[in-house]
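Asks: Data file model.txt (compact mmCIF, C-alpha atoms) is appended below.
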```txt
# COMPACT_ATOMS: atom_id res chain seq x y z
CA MET A 1 1.38 -2.66 -40.68
CA ARG A 2 1.03 -6.42 -40.29
CA ARG A 3 2.48 -6.14 -36.79
CA ALA A 4 -0.03 -3.46 -35.79
CA ALA A 5 -2.88 -5.58 -37.18
CA LEU A 6 -1.73 -8.63 -35.21
CA LEU A 7 -1.48 -6.53 -32.05
CA ALA A 8 -5.03 -5.25 -32.65
CA VAL A 9 -6.25 -8.85 -33.03
CA ALA A 10 -4.47 -9.79 -29.77
CA VAL A 11 -6.07 -6.83 -27.96
CA THR A 12 -9.51 -7.90 -29.20
CA ALA A 13 -8.89 -11.54 -28.21
CA TYR A 14 -7.80 -10.42 -24.74
CA MET A 15 -10.88 -8.20 -24.32
CA VAL A 16 -13.18 -11.10 -25.23
CA ALA A 17 -11.34 -13.62 -22.99
CA ALA A 18 -11.12 -11.21 -20.05
CA TRP A 19 -14.76 -10.23 -20.39
CA MET A 20 -15.76 -13.87 -19.81
CA VAL A 21 -14.31 -13.89 -16.25
CA ALA A 22 -14.56 -11.26 -13.53
CA PRO A 23 -12.65 -9.11 -12.78
CA GLY A 24 -10.82 -9.72 -16.08
CA PHE A 25 -7.13 -9.51 -15.33
CA TYR A 26 -6.20 -11.48 -12.25
CA ASP A 27 -2.66 -12.43 -11.28
CA GLY A 28 -3.44 -14.19 -8.06
CA PHE A 29 -2.93 -11.43 -5.48
CA GLY A 30 -6.43 -10.49 -4.46
CA PRO A 31 -8.93 -13.04 -3.20
CA VAL A 32 -10.56 -14.94 -6.07
CA GLN A 33 -13.89 -15.01 -4.32
CA PRO A 34 -15.49 -11.59 -3.74
CA TYR A 35 -16.42 -10.74 -0.17
CA ASN A 36 -20.07 -11.23 0.72
CA TRP A 37 -21.21 -8.07 2.49
CA THR A 38 -24.02 -7.42 4.92
CA CYS A 39 -23.72 -3.72 4.03
CA PRO A 40 -21.74 -3.53 0.77
CA PRO A 41 -19.56 -0.47 0.23
CA PRO A 42 -20.45 1.62 -2.86
CA GLN A 43 -17.56 0.17 -4.87
CA ALA A 44 -18.52 -3.47 -4.24
CA GLY A 45 -20.82 -3.97 -7.23
CA ALA A 46 -22.94 -7.14 -7.27
CA ASN A 47 -23.13 -8.68 -3.81
CA LEU A 48 -24.26 -11.92 -2.23
CA LYS A 49 -25.45 -11.97 1.37
CA PRO A 50 -22.96 -13.57 3.78
CA SER A 51 -23.60 -17.14 4.92
CA SER A 52 -23.97 -18.67 8.34
CA GLY A 53 -22.56 -22.01 9.48
CA HIS A 54 -23.23 -24.76 12.01
CA LEU A 55 -21.09 -27.52 13.51
CA ASP A 56 -21.77 -30.36 15.93
CA ILE A 57 -18.66 -31.44 17.83
CA LYS A 58 -18.58 -34.92 19.33
CA VAL A 59 -17.65 -35.42 22.97
CA ILE A 60 -15.84 -38.72 23.44
CA GLY A 61 -14.85 -39.85 26.93
CA GLY A 62 -15.70 -36.40 28.30
CA VAL A 63 -13.33 -34.67 25.85
CA SER A 64 -14.58 -32.60 22.90
CA ASP A 65 -13.07 -33.43 19.50
CA ALA A 66 -10.82 -31.13 17.54
CA ASN A 67 -12.85 -29.47 14.78
CA SER A 68 -13.52 -26.22 12.96
CA ALA A 69 -16.75 -24.30 12.51
CA PHE A 70 -17.06 -21.99 9.54
CA SER A 71 -19.54 -19.90 7.63
CA ASN A 72 -20.51 -21.61 4.36
CA ASP A 73 -18.82 -18.86 2.30
CA GLY A 74 -15.58 -19.38 4.28
CA GLN A 75 -15.44 -15.81 5.57
CA VAL A 76 -15.15 -16.97 9.19
CA VAL A 77 -13.40 -20.06 10.50
CA ILE A 78 -13.05 -20.91 14.18
CA GLY A 79 -10.87 -23.87 15.11
CA PHE A 80 -11.04 -25.84 18.36
CA LEU A 81 -8.35 -28.04 19.92
CA PRO A 82 -9.25 -31.38 21.58
CA GLY A 83 -10.84 -30.63 24.96
CA ALA A 84 -11.41 -26.99 24.05
CA PHE A 85 -14.88 -27.00 25.67
CA ASP A 86 -16.16 -27.56 29.17
CA SER A 87 -18.14 -30.58 28.00
CA THR A 88 -19.40 -31.79 31.36
CA GLY A 89 -22.56 -33.86 30.87
CA LYS A 90 -22.64 -33.38 27.08
CA THR A 91 -22.33 -35.80 24.17
CA THR A 92 -22.20 -33.14 21.48
CA ILE A 93 -21.51 -29.43 21.42
CA SER A 94 -23.10 -27.28 18.74
CA VAL A 95 -21.41 -24.16 17.38
CA ASP A 96 -23.17 -21.56 15.23
CA VAL A 97 -21.63 -18.79 13.14
CA THR A 98 -24.16 -16.14 12.09
CA PRO A 99 -23.59 -12.84 10.30
CA LEU A 100 -25.28 -9.93 12.06
CA PRO A 101 -27.97 -8.46 9.76
CA THR A 102 -26.93 -4.91 10.72
CA CYS A 103 -23.59 -3.09 10.50
CA PRO A 104 -22.69 -1.35 13.75
CA GLN A 105 -19.88 1.19 13.47
CA PRO A 106 -18.84 1.99 17.05
CA ALA A 107 -17.14 5.29 17.79
CA GLY A 108 -13.40 5.19 17.21
CA ILE A 109 -13.42 1.91 15.27
CA ARG A 110 -13.80 1.31 11.56
CA PHE A 111 -14.96 -2.24 10.80
CA VAL A 112 -13.89 -3.61 7.42
CA THR A 113 -15.73 -6.93 7.73
CA ASN A 114 -19.23 -8.02 8.59
CA VAL A 115 -19.99 -8.55 12.27
CA TYR A 116 -20.39 -12.24 13.12
CA GLN A 117 -22.04 -13.78 16.12
CA ILE A 118 -20.45 -17.03 17.25
CA THR A 119 -22.29 -19.09 19.84
CA ALA A 120 -21.77 -22.57 21.31
CA SER A 121 -23.71 -24.82 23.65
CA ALA A 122 -20.73 -25.02 26.05
CA PRO A 123 -18.14 -22.52 27.26
CA LEU A 124 -14.51 -22.68 26.16
CA VAL A 125 -11.74 -23.77 28.48
CA LYS A 126 -8.99 -23.51 25.84
CA SER A 127 -8.47 -20.70 23.36
CA ALA A 128 -10.01 -21.14 19.92
CA ASN A 129 -8.31 -19.93 16.78
CA LEU A 130 -10.42 -17.39 14.87
CA VAL A 131 -9.77 -16.46 11.22
CA LEU A 132 -11.71 -13.69 9.50
CA ARG A 133 -11.40 -13.09 5.76
CA TYR A 134 -11.62 -9.48 4.53
CA SER A 135 -12.12 -7.79 1.22
CA ASN A 136 -9.47 -6.19 -0.98
CA LEU A 137 -11.83 -3.25 -1.42
CA GLU A 138 -11.10 -2.00 2.10
CA PRO A 139 -7.85 -1.24 3.93
CA ALA A 140 -6.36 -4.18 5.83
CA PRO A 141 -7.60 -4.40 9.44
CA THR A 142 -5.16 -4.25 12.34
CA ASP A 143 -7.26 -5.97 14.98
CA VAL A 144 -10.14 -8.28 15.63
CA TYR A 145 -12.75 -6.68 17.89
CA PHE A 146 -15.02 -8.49 20.31
CA ALA A 147 -18.25 -7.55 22.08
CA SER A 148 -20.77 -9.52 24.07
CA ASP A 149 -23.50 -7.30 22.63
CA PRO A 150 -23.54 -5.69 19.15
CA ALA A 151 -24.28 -2.32 20.77
CA GLY A 152 -20.90 -2.59 22.52
CA PRO A 153 -18.64 -1.94 24.20
CA TRP A 154 -16.21 -3.31 21.57
CA LYS A 155 -12.67 -4.17 22.57
CA SER A 156 -9.65 -5.26 20.57
CA ILE A 157 -8.57 -8.86 21.03
CA GLY A 158 -5.49 -8.28 18.87
CA ALA A 159 -4.35 -10.13 15.82
CA ALA A 160 -1.52 -12.52 15.01
CA GLN A 161 0.54 -12.30 11.86
CA GLN A 162 -1.71 -13.12 8.92
CA ALA A 163 -1.36 -16.68 7.67
CA GLN A 164 -2.82 -15.92 4.24
CA PRO A 165 -3.32 -12.64 2.40
CA PHE A 166 -6.65 -10.99 3.15
CA THR A 167 -7.17 -12.92 6.38
CA ILE A 168 -6.72 -11.84 9.98
CA VAL A 169 -6.15 -14.32 12.79
CA THR A 170 -6.59 -14.15 16.55
CA THR A 171 -7.53 -16.35 19.49
CA THR A 172 -10.52 -16.14 21.78
CA LYS A 173 -11.78 -17.84 24.93
CA LEU A 174 -15.18 -16.19 24.73
CA PHE A 175 -18.12 -16.41 22.38
CA GLY A 176 -19.98 -13.32 21.24
CA TYR A 177 -19.69 -10.85 18.38
CA PHE A 178 -16.57 -10.49 16.25
CA ALA A 179 -15.45 -8.14 13.47
CA ALA A 180 -12.13 -7.00 12.04
CA GLY A 181 -11.20 -3.34 11.69
CA TYR A 182 -8.87 -0.59 12.76
CA ALA A 183 -8.93 2.43 15.06
CA SER A 184 -10.63 5.08 12.94
CA ALA A 185 -8.64 7.89 14.58
CA SER A 186 -5.63 6.58 12.69
CA SER A 187 -5.24 6.49 8.93
CA PRO A 188 -5.86 3.14 7.24
CA PRO A 189 -2.89 0.92 8.05
CA GLY A 190 -0.32 -0.55 5.70
CA ALA A 191 -2.20 -0.19 2.45
CA VAL A 192 -1.47 1.25 -0.93
CA SER A 193 -4.24 3.81 -0.83
CA VAL A 194 -5.15 4.09 -4.45
CA GLY A 195 -8.55 2.51 -4.07
CA GLY A 196 -12.13 3.22 -3.35
CA GLY A 197 -15.00 4.82 -5.19
CA GLN A 198 -14.90 4.75 -8.96
CA THR A 199 -11.13 5.04 -9.29
CA LEU A 200 -10.40 2.15 -11.64
CA PRO A 201 -12.15 3.79 -14.64
CA ILE A 202 -10.31 7.01 -13.73
CA VAL A 203 -6.95 5.16 -13.63
CA VAL A 204 -7.63 3.62 -17.05
CA ALA A 205 -8.87 6.94 -18.46
CA VAL A 206 -5.73 8.71 -17.20
CA LEU A 207 -3.54 6.00 -18.78
CA ILE A 208 -5.36 6.34 -22.11
CA GLY A 209 -5.16 10.15 -21.89
CA LEU A 210 -1.42 10.03 -21.17
CA VAL A 211 -0.79 7.62 -24.02
CA VAL A 212 -2.75 9.76 -26.48
CA LEU A 213 -1.45 13.14 -25.31
CA ALA A 214 2.19 12.10 -25.06
CA GLY A 215 1.99 9.77 -28.05
CA ILE A 216 1.04 12.47 -30.56
CA PRO A 217 4.13 14.69 -30.03
CA LEU A 218 6.37 11.59 -29.84
CA ALA A 219 4.95 10.29 -33.12
CA ILE A 220 5.44 13.71 -34.78
CA LEU A 221 9.00 13.88 -33.45
CA ARG A 222 9.73 10.39 -34.75
CA ARG A 223 8.28 11.19 -38.17
CA ARG A 224 10.41 14.37 -38.40
CA GLN A 225 13.51 12.38 -37.42
CA SER A 226 12.83 9.72 -40.05
CA HIS A 227 12.17 12.46 -42.66
CA GLY A 228 15.47 14.10 -41.69
CA GLU A 229 17.33 10.79 -42.02
CA ALA A 230 15.72 10.18 -45.44
CA GLU A 231 16.73 13.65 -46.62
CA GLU A 232 20.29 13.12 -45.40
CA GLU A 233 20.43 9.81 -47.27
CA GLY A 234 19.08 11.58 -50.38
CA ASP A 235 21.81 14.25 -50.14
CA VAL A 236 24.58 11.68 -50.34
CA MET B 1 24.23 -21.39 -14.56
CA SER B 2 23.92 -18.71 -17.25
CA LEU B 3 27.37 -19.70 -18.58
CA VAL B 4 26.27 -23.34 -18.86
CA LEU B 5 23.09 -22.24 -20.65
CA ARG B 6 25.04 -20.08 -23.09
CA ARG B 7 27.31 -22.96 -24.10
CA THR B 8 24.56 -25.47 -24.82
CA HIS B 9 22.74 -26.12 -28.11
CA PRO B 10 19.94 -23.55 -28.69
CA GLY B 11 17.23 -26.23 -28.56
CA VAL B 12 18.56 -27.70 -25.33
CA ARG B 13 18.96 -24.18 -23.92
CA ALA B 14 15.33 -23.31 -24.75
CA ALA B 15 14.13 -26.56 -23.15
CA LEU B 16 16.23 -25.90 -20.03
CA VAL B 17 15.02 -22.31 -19.70
CA GLY B 18 11.41 -23.40 -20.21
CA THR B 19 11.68 -26.18 -17.63
CA LEU B 20 13.43 -23.91 -15.14
CA VAL B 21 10.84 -21.15 -15.49
CA LEU B 22 7.97 -23.62 -15.19
CA CYS B 23 9.49 -25.24 -12.09
CA ILE B 24 10.03 -21.85 -10.42
CA GLU B 25 6.45 -20.76 -11.13
CA TRP B 26 4.92 -24.02 -9.92
CA ALA B 27 7.09 -24.06 -6.81
CA ARG B 28 6.13 -20.45 -6.11
CA ALA B 29 2.42 -21.22 -6.50
CA SER B 30 2.67 -24.26 -4.19
CA ILE B 31 4.67 -22.45 -1.50
CA GLN B 32 2.47 -19.34 -1.78
CA ALA B 33 -0.55 -21.36 -0.66
CA GLN B 34 1.12 -22.28 2.66
CA PRO B 35 0.39 -20.21 5.76
CA TYR B 36 2.62 -17.11 6.12
CA MET B 37 4.39 -17.89 2.83
CA ALA B 38 2.50 -15.75 0.29
CA ILE B 39 4.72 -12.65 0.34
CA PRO B 40 8.08 -14.49 0.74
CA ALA B 41 7.13 -16.87 -2.08
CA LEU B 42 6.20 -13.99 -4.38
CA VAL B 43 9.37 -12.01 -3.65
CA VAL B 44 11.77 -14.98 -3.82
CA GLY B 45 9.91 -16.39 -6.85
CA GLY B 46 10.11 -13.03 -8.61
CA ALA B 47 13.84 -12.79 -7.90
CA ALA B 48 14.42 -16.38 -9.09
CA LEU B 49 12.50 -15.69 -12.33
CA GLY B 50 14.53 -12.52 -12.87
CA ALA B 51 17.74 -14.50 -12.30
CA VAL B 52 16.86 -16.74 -15.26
CA ALA B 53 17.49 -13.73 -17.51
CA LEU B 54 20.98 -13.15 -16.08
CA GLY B 55 23.59 -13.70 -18.74
CA THR B 56 21.26 -12.91 -21.63
CA PRO B 57 22.35 -9.62 -23.25
CA ALA B 58 19.94 -6.72 -22.64
CA ASP B 59 19.21 -6.21 -26.33
CA ARG B 60 18.21 -9.87 -26.73
CA LEU B 61 15.89 -9.48 -23.76
CA GLY B 62 14.26 -6.45 -25.40
CA LEU B 63 15.63 -4.07 -22.78
CA GLY B 64 17.25 -0.76 -23.62
CA THR B 65 16.95 2.98 -23.29
CA SER B 66 16.46 3.85 -26.97
CA ARG B 67 12.98 5.30 -27.65
CA LEU B 68 12.41 5.11 -23.89
CA GLY B 69 9.47 7.52 -24.02
CA LEU B 70 7.67 5.31 -26.52
CA ARG B 71 8.47 2.19 -24.52
CA ILE B 72 7.02 3.75 -21.34
CA LEU B 73 3.93 4.96 -23.21
CA GLY B 74 3.55 1.50 -24.67
CA GLY B 75 3.64 0.06 -21.17
CA MET B 76 0.90 2.44 -20.04
CA ALA B 77 -1.17 1.50 -23.08
CA LEU B 78 -0.73 -2.20 -22.26
CA GLY B 79 -1.72 -1.49 -18.63
CA ALA B 80 -4.86 0.31 -19.83
CA VAL B 81 -5.77 -2.61 -22.12
CA LEU B 82 -5.20 -5.21 -19.37
CA LEU B 83 -7.33 -3.24 -16.89
CA PHE B 84 -10.04 -2.13 -19.31
CA PRO B 85 -12.52 -5.05 -18.83
CA ALA B 86 -12.30 -4.72 -15.03
CA ALA B 87 -12.65 -0.92 -15.22
CA VAL B 88 -15.80 -1.16 -17.32
CA ARG B 89 -17.34 -3.69 -14.95
CA SER B 90 -16.30 -3.08 -11.36
CA GLY B 91 -15.33 0.55 -11.09
CA SER B 92 -13.20 0.07 -8.01
CA VAL B 93 -9.48 -0.34 -7.39
CA PRO B 94 -8.81 -3.03 -4.80
CA ILE B 95 -6.37 -2.10 -2.08
CA LEU B 96 -3.29 -4.27 -1.81
CA PRO B 97 -1.54 -4.33 1.56
CA ALA B 98 1.88 -2.67 1.19
CA GLY B 99 3.82 -5.95 1.53
CA LEU B 100 1.69 -7.61 -1.12
CA ALA B 101 2.04 -4.59 -3.44
CA PHE B 102 5.84 -4.86 -3.22
CA ALA B 103 5.62 -8.60 -3.86
CA ALA B 104 3.31 -7.98 -6.84
CA VAL B 105 5.87 -5.62 -8.39
CA ALA B 106 8.69 -8.13 -7.79
CA VAL B 107 6.84 -11.02 -9.38
CA SER B 108 5.58 -8.94 -12.35
CA ILE B 109 9.11 -7.86 -13.26
CA GLY B 110 10.46 -11.38 -12.69
CA GLU B 111 7.78 -12.95 -14.88
CA GLU B 112 8.40 -10.54 -17.75
CA LEU B 113 12.17 -11.04 -17.59
CA ALA B 114 11.68 -14.82 -17.59
CA PHE B 115 8.84 -15.32 -20.09
CA ARG B 116 9.05 -12.43 -22.58
CA GLY B 117 12.78 -11.98 -21.88
CA ALA B 118 14.93 -15.10 -21.44
CA LEU B 119 12.43 -17.73 -22.65
CA TYR B 120 11.35 -15.65 -25.65
CA ALA B 121 15.00 -15.07 -26.63
CA ALA B 122 15.87 -18.77 -26.25
CA LEU B 123 12.87 -19.90 -28.31
CA HIS B 124 13.52 -17.20 -30.93
CA GLU B 125 16.99 -18.60 -31.46
CA VAL B 126 15.52 -22.03 -32.16
CA GLY B 127 12.47 -21.30 -34.27
CA GLY B 128 12.18 -17.57 -34.85
CA ALA B 129 9.31 -15.31 -33.83
CA PRO B 130 6.42 -17.79 -34.30
CA LEU B 131 7.94 -20.33 -31.88
CA ALA B 132 8.94 -17.57 -29.45
CA ILE B 133 5.43 -16.10 -29.36
CA ILE B 134 3.50 -19.37 -29.25
CA GLY B 135 5.98 -21.17 -26.98
CA SER B 136 6.28 -18.38 -24.41
CA THR B 137 2.48 -17.96 -24.34
CA ALA B 138 1.91 -21.70 -23.89
CA LEU B 139 4.44 -21.97 -21.06
CA TRP B 140 3.11 -18.75 -19.45
CA THR B 141 -0.39 -20.28 -19.41
CA ALA B 142 0.89 -23.61 -18.08
CA ALA B 143 2.87 -21.79 -15.40
CA HIS B 144 -0.33 -20.18 -14.08
CA ALA B 145 -2.28 -23.44 -13.98
CA LEU B 146 -1.55 -23.95 -10.27
CA SER B 147 -2.06 -20.37 -9.11
CA HIS B 148 -5.23 -19.58 -11.05
CA PRO B 149 -8.68 -21.17 -11.21
CA PRO B 150 -9.22 -22.92 -14.59
CA ALA B 151 -11.81 -20.32 -15.64
CA PHE B 152 -9.10 -17.63 -15.66
CA LEU B 153 -6.64 -19.48 -17.89
CA GLY B 154 -8.22 -18.22 -21.13
CA ALA B 155 -7.70 -14.62 -20.05
CA VAL B 156 -4.18 -15.49 -18.82
CA ALA B 157 -3.33 -17.01 -22.23
CA ALA B 158 -4.77 -14.01 -24.08
CA ALA B 159 -2.76 -11.61 -21.89
CA GLY B 160 0.40 -13.69 -22.50
CA LEU B 161 -0.21 -13.65 -26.26
CA LEU B 162 -0.73 -9.88 -26.24
CA LEU B 163 2.48 -9.26 -24.26
CA ALA B 164 4.49 -11.67 -26.44
CA LEU B 165 3.17 -10.03 -29.63
CA TRP B 166 4.17 -6.64 -28.24
CA ARG B 167 7.63 -8.04 -27.49
CA TRP B 168 7.87 -9.19 -31.13
CA ALA B 169 6.23 -6.22 -32.85
CA CYS B 170 8.12 -3.52 -30.93
CA ARG B 171 11.23 -5.56 -30.01
CA ASP B 172 10.60 -4.23 -26.51
CA LEU B 173 10.30 -5.68 -23.01
CA VAL B 174 10.01 -2.36 -21.12
CA GLY B 175 6.38 -1.97 -22.22
CA PRO B 176 5.28 -5.44 -21.04
CA VAL B 177 7.09 -4.91 -17.70
CA ILE B 178 5.33 -1.57 -17.09
CA GLY B 179 1.95 -2.86 -18.28
CA HIS B 180 2.20 -6.00 -16.13
CA VAL B 181 3.22 -4.01 -13.02
CA ILE B 182 0.34 -1.53 -13.47
CA ALA B 183 -2.19 -4.35 -13.93
CA ASP B 184 -0.90 -6.36 -10.96
CA LEU B 185 -0.96 -3.34 -8.65
CA ALA B 186 -4.51 -2.50 -9.62
CA LEU B 187 -5.96 -6.01 -9.50
```
Is it possible to express this structure as structure tokens?
Replies:
Amino acid sequence: MRRAALLAVAVTAYMVAAWMVAPGFYDGFGPVQPYNWTCPPPQAGANLKPSSGHLDIKVIGGVSDANSAFSNDGQVVIGFLPGAFDSTGKTTISVDVTPLPTCPQPAGIRFVTNVYQITASAPLVKSANLVLRYSNLEPAPTDVYFASDPAGPWKSIGAAQQAQPFTIVTTTKLFGYFAAGYASASSPPGAVSVGGGQTLPIVVAVLIGLVVLAGIPLAILRRRQSHGEAEEEGDV
Amino acid sequence: MSLVLRRTHPGVRAALVGTLVLCIEWARASIQAQPYMAIPALVVGGAALGAVALGTPADRLGLGTSRLGLRILGGMALGAVLLFPAAVRSGSVPILPAGLAFAAVAVSIGEELAFRGALYAALHEVGGAPLAIIGSTALWTAAHALSHPPAFLGAVAAAGLLLALWRWACRDLVGPVIGHVIADLAL
């Protein structure tokens, strides 16, 4: 009885402690920071609008510095090597990262991130490294897509092996519009498809239902066994 | 390694197991943050944590097949408790990439074998249930200090205390393993 009471106290303490931080139980697999959506999916809950970012890169001796531009929420990072820009006649090069206020969904492609416009005051002469973060509420993307206009056409610019979970990496020599996604003709790639919608309450409800439904007959069986053992002991 | 541990004084053994588990967890958290290392660090870290329990008899770890149905049900109940606050609030199940889901299972099992298995057993031998419960919870919380933001450590400690109390109250590790795996896969 004392054991059950202590367990009940521990359950209550956990509920209180977990309620004070979202999502509650976190073991370090999903991203700590929720994704900021332009068009949040129904399961996203509370949402902040995605941020933009700006960077001025110095040009020293005709060569642009190495630097990285990023959105202030860290959802997009684009890194430039020294001399990445055609910096003829410039002393600084400005780079802007801006989330598109709309959410185009071109035919045959399913975007799982916001669409970002990346512009610069000089063209690239060396590839830049582009990292897009994505949410754990959507299937992992297979490719980064590029377009010079949000209306399209969109084309895949591939993706390298992901450096960190929930990020996708590629390189680009062009500025324009970028988003991560997968070909919608195919099923969502490489994901444990248990998610979406309102499934977490259903998962918990099923677990509780199983525990209650299977627990009752097991408890009865155990009680009968212990009664039987007591009777046997009494017979001796 | 396990032979050396078995032959040492219980207090020294508990200190060695605790230090080893803490070092593995901190190394895993540090390596996990490096590019391309998240999944390998989780899988290798989970295996290394599981290896700490090698040499400890199954019954001392809380493992066994007696009352297996109850143990499995207990694990589901623990999973439901761990997920309940998130279920009430968010309503959605995040989607883990397949590689990360496998790694999550590996590290969940490894952590339970190490903390509520080998470490709990070693501390129990020194100071009984109170030291085993408090000590394993304290080290579990410290072990997550590098991988979790400080705001989460209260919930981590409370989860550790709940799992350790289950281990003591039911003399069972199967339930904590199942509960931990369910919670890690869902969040």
Asks: What does the structure give for the distance between atom CA of Asp149 of chain A and atom CA of Pro101 of chain A, in Å to one decimal?
Replies: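 Taking atom CA of Asp149 of chain A and atom CA of Pro101 of chain A, their separation equals 13.7 Å.
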Asks: Between B:Ile39, B:Leu16, B:Leu163, B:Ile133, which one has atoms that come closest to Ala101 of chain B, using all atoms listed in the file?
Replies: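 The answer is B:Ile39, which sits nearest to Ala101 of chain B.
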Asks: Taking 4 positions as the minimum chain separation for residues in the same chain, which residues sit within 12 Å of Ala5 of chain A when counting all atoms listed in the file? Answer as a list of chain:residue names.
Replies: A:Met1, A:Val9, A:Ala10, A:Val11, A:Thr12, B:Leu162, B:Leu165, B:Trp166, B:Ala169
Asks: May I ask which of the residues B:Ala121, B:Ala14, B:Leu73, B:Ala103 is the closest one to chain A, counting all atoms listed in the file?
Replies: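 Once distances to chain A are computed over all atoms listed in the file, the minimum belongs to B:Leu73.
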Asks: Within 8 Å of Leu82 of chain B, counting all atoms listed in the file, which residues show up once you throw out same-chain ones fewer than 5 positions away? Write them as an MDAnalysis selection string, please.
Replies: (chainID A and resid 14 24:25) or (chainID B and resid 159 179 183)
Asks: Neighbours of Thr19 of chain B within 12 Å (only C-alpha atoms; same-chain residues fewer than 3 positions away dropped), as a list of chain:residue names?
Replies: B:Val12, B:Arg13, B:Ala14, B:Ala15, B:Leu16, B:Leu22, B:Cys23, B:Ile24, B:Glu25, B:Trp26, B:Ala27, B:Leu49, B:Val52, B:Ala114, B:Phe115, B:Leu119, B:Ser136, B:Leu139, B:Trp140, B:Ala142, B:Ala143
Asks: Output C-alpha atoms for every residue in that selection, as a PDB file, in the frame of the given file.
Replies:
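Final file, result.pdb:
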```pdb
ATOM      1  CA  VAL B  12      18.560 -27.700 -25.330  1.00  0.00           C
ATOM      2  CA  ARG B  13      18.960 -24.180 -23.920  1.00  0.00           C
ATOM      3  CA  ALA B  14      15.330 -23.310 -24.750  1.00  0.00           C
ATOM      4  CA  ALA B  15      14.130 -26.560 -23.150  1.00  0.00           C
ATOM      5  CA  LEU B  16      16.230 -25.900 -20.030  1.00  0.00           C
ATOM      6  CA  LEU B  22       7.970 -23.620 -15.190  1.00  0.00           C
ATOM      7  CA  CYS B  23       9.490 -25.240 -12.090  1.00  0.00           C
ATOM      8  CA  ILE B  24      10.030 -21.850 -10.420  1.00  0.00           C
ATOM      9  CA  GLU B  25       6.450 -20.760 -11.130  1.00  0.00           C
ATOM     10  CA  TRP B  26       4.920 -24.020  -9.920  1.00  0.00           C
ATOM     11  CA  ALA B  27       7.090 -24.060  -6.810  1.00  0.00           C
ATOM     12  CA  LEU B  49      12.500 -15.690 -12.330  1.00  0.00           C
ATOM     13  CA  VAL B  52      16.860 -16.740 -15.260  1.00  0.00           C
ATOM     14  CA  ALA B 114      11.680 -14.820 -17.590  1.00  0.00           C
ATOM     15  CA  PHE B 115       8.840 -15.320 -20.090  1.00  0.00           C
ATOM     16  CA  LEU B 119      12.430 -17.730 -22.650  1.00  0.00           C
ATOM     17  CA  SER B 136       6.280 -18.380 -24.410  1.00  0.00           C
ATOM     18  CA  LEU B 139       4.440 -21.970 -21.060  1.00  0.00           C
ATOM     19  CA  TRP B 140       3.110 -18.750 -19.450  1.00  0.00           C
ATOM     20  CA  ALA B 142       0.890 -23.610 -18.080  1.00  0.00           C
ATOM     21  CA  ALA B 143       2.870 -21.790 -15.400  1.00  0.00           C
TER      22      ALA B 143
END
```
Asks: So that I can see what lies close to Phe178 of chain A, please list as a PyMOL selection string the residues with an atom at most 8 Å from it, counting only C-alpha atoms and leaving out residues fewer than 4 positions away in the same chain.
Replies: chain A and resi 115-118+144-147
Asks: Determine the nearest neighbour of Ile57 of chain A from the options A:Gly79, A:Pro217, A:Gly74, A:Gly152, counting all atoms listed in the file.
Replies: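 Ranking A:Gly79, A:Pro217, A:Gly74, A:Gly152 by distance to Ile57 of chain A, first place goes to A:Gly79.
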Asks: Identify, on the basis of all atoms listed in the file, every residue whose closest approach to Thr98 of chain A does not exceed 12 Å; exclude the query and any residue fewer than 4 positions from it along the same chain; express the result as a PyMOL selection string.
Replies: chain A and resi 38+49-55+69-73+75-77+102+114-120+175-179
Asks: Expressed in Å to a single decimal, how great is the separation between atom CA of Thr88 of chain A and atom CA of Val59 of chain A?
Replies: 9.3 Å
Asks: Check the smallest atom-to-atom distance from each of A:Lys155, A:Lys58, A:Arg224, A:Arg3 to chain B using only C-alpha atoms, then report the winner.
Replies: A:Arg3
Asks: Expressed in Å to a single decimal, how great is the separation between atom CA of Gln33 of chain A and atom CA of Ala86 of chain B?
Replies: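 About the pair atom CA of Gln33 of chain A and atom CA of Ala86 of chain B: they are 14.9 Å apart.
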Asks: Would you compute, for all listed atoms of segment 152-163 of chain B, the axis-aligned bounding box grown by 5 Å on each side, and then report its centre and edge lengths in Å rounded to one decimal, as AutoDock Vina command-line options?
Replies:
```
--center_x -3.3 --center_y -14.4 --center_z -21.0 --size_x 21.6 --size_y 20.2 --size_z 20.6
```
Asks: Ranking B:Gly99, B:Pro85, B:Gly46, B:Pro57 by minimum distance to Ala140 of chain A and counting only C-alpha atoms, which one comes first?
Replies: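 Using only C-alpha atoms, Ala140 of chain A sits closest to B:Gly99.
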Asks: Here is a test: counting only C-alpha atoms, which residue of B:Met76, B:Leu42, B:Val21, B:Val174 is nearest to chain A?
Replies: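 Ranking B:Met76, B:Leu42, B:Val21, B:Val174 by distance to chain A, first place goes to B:Met76.
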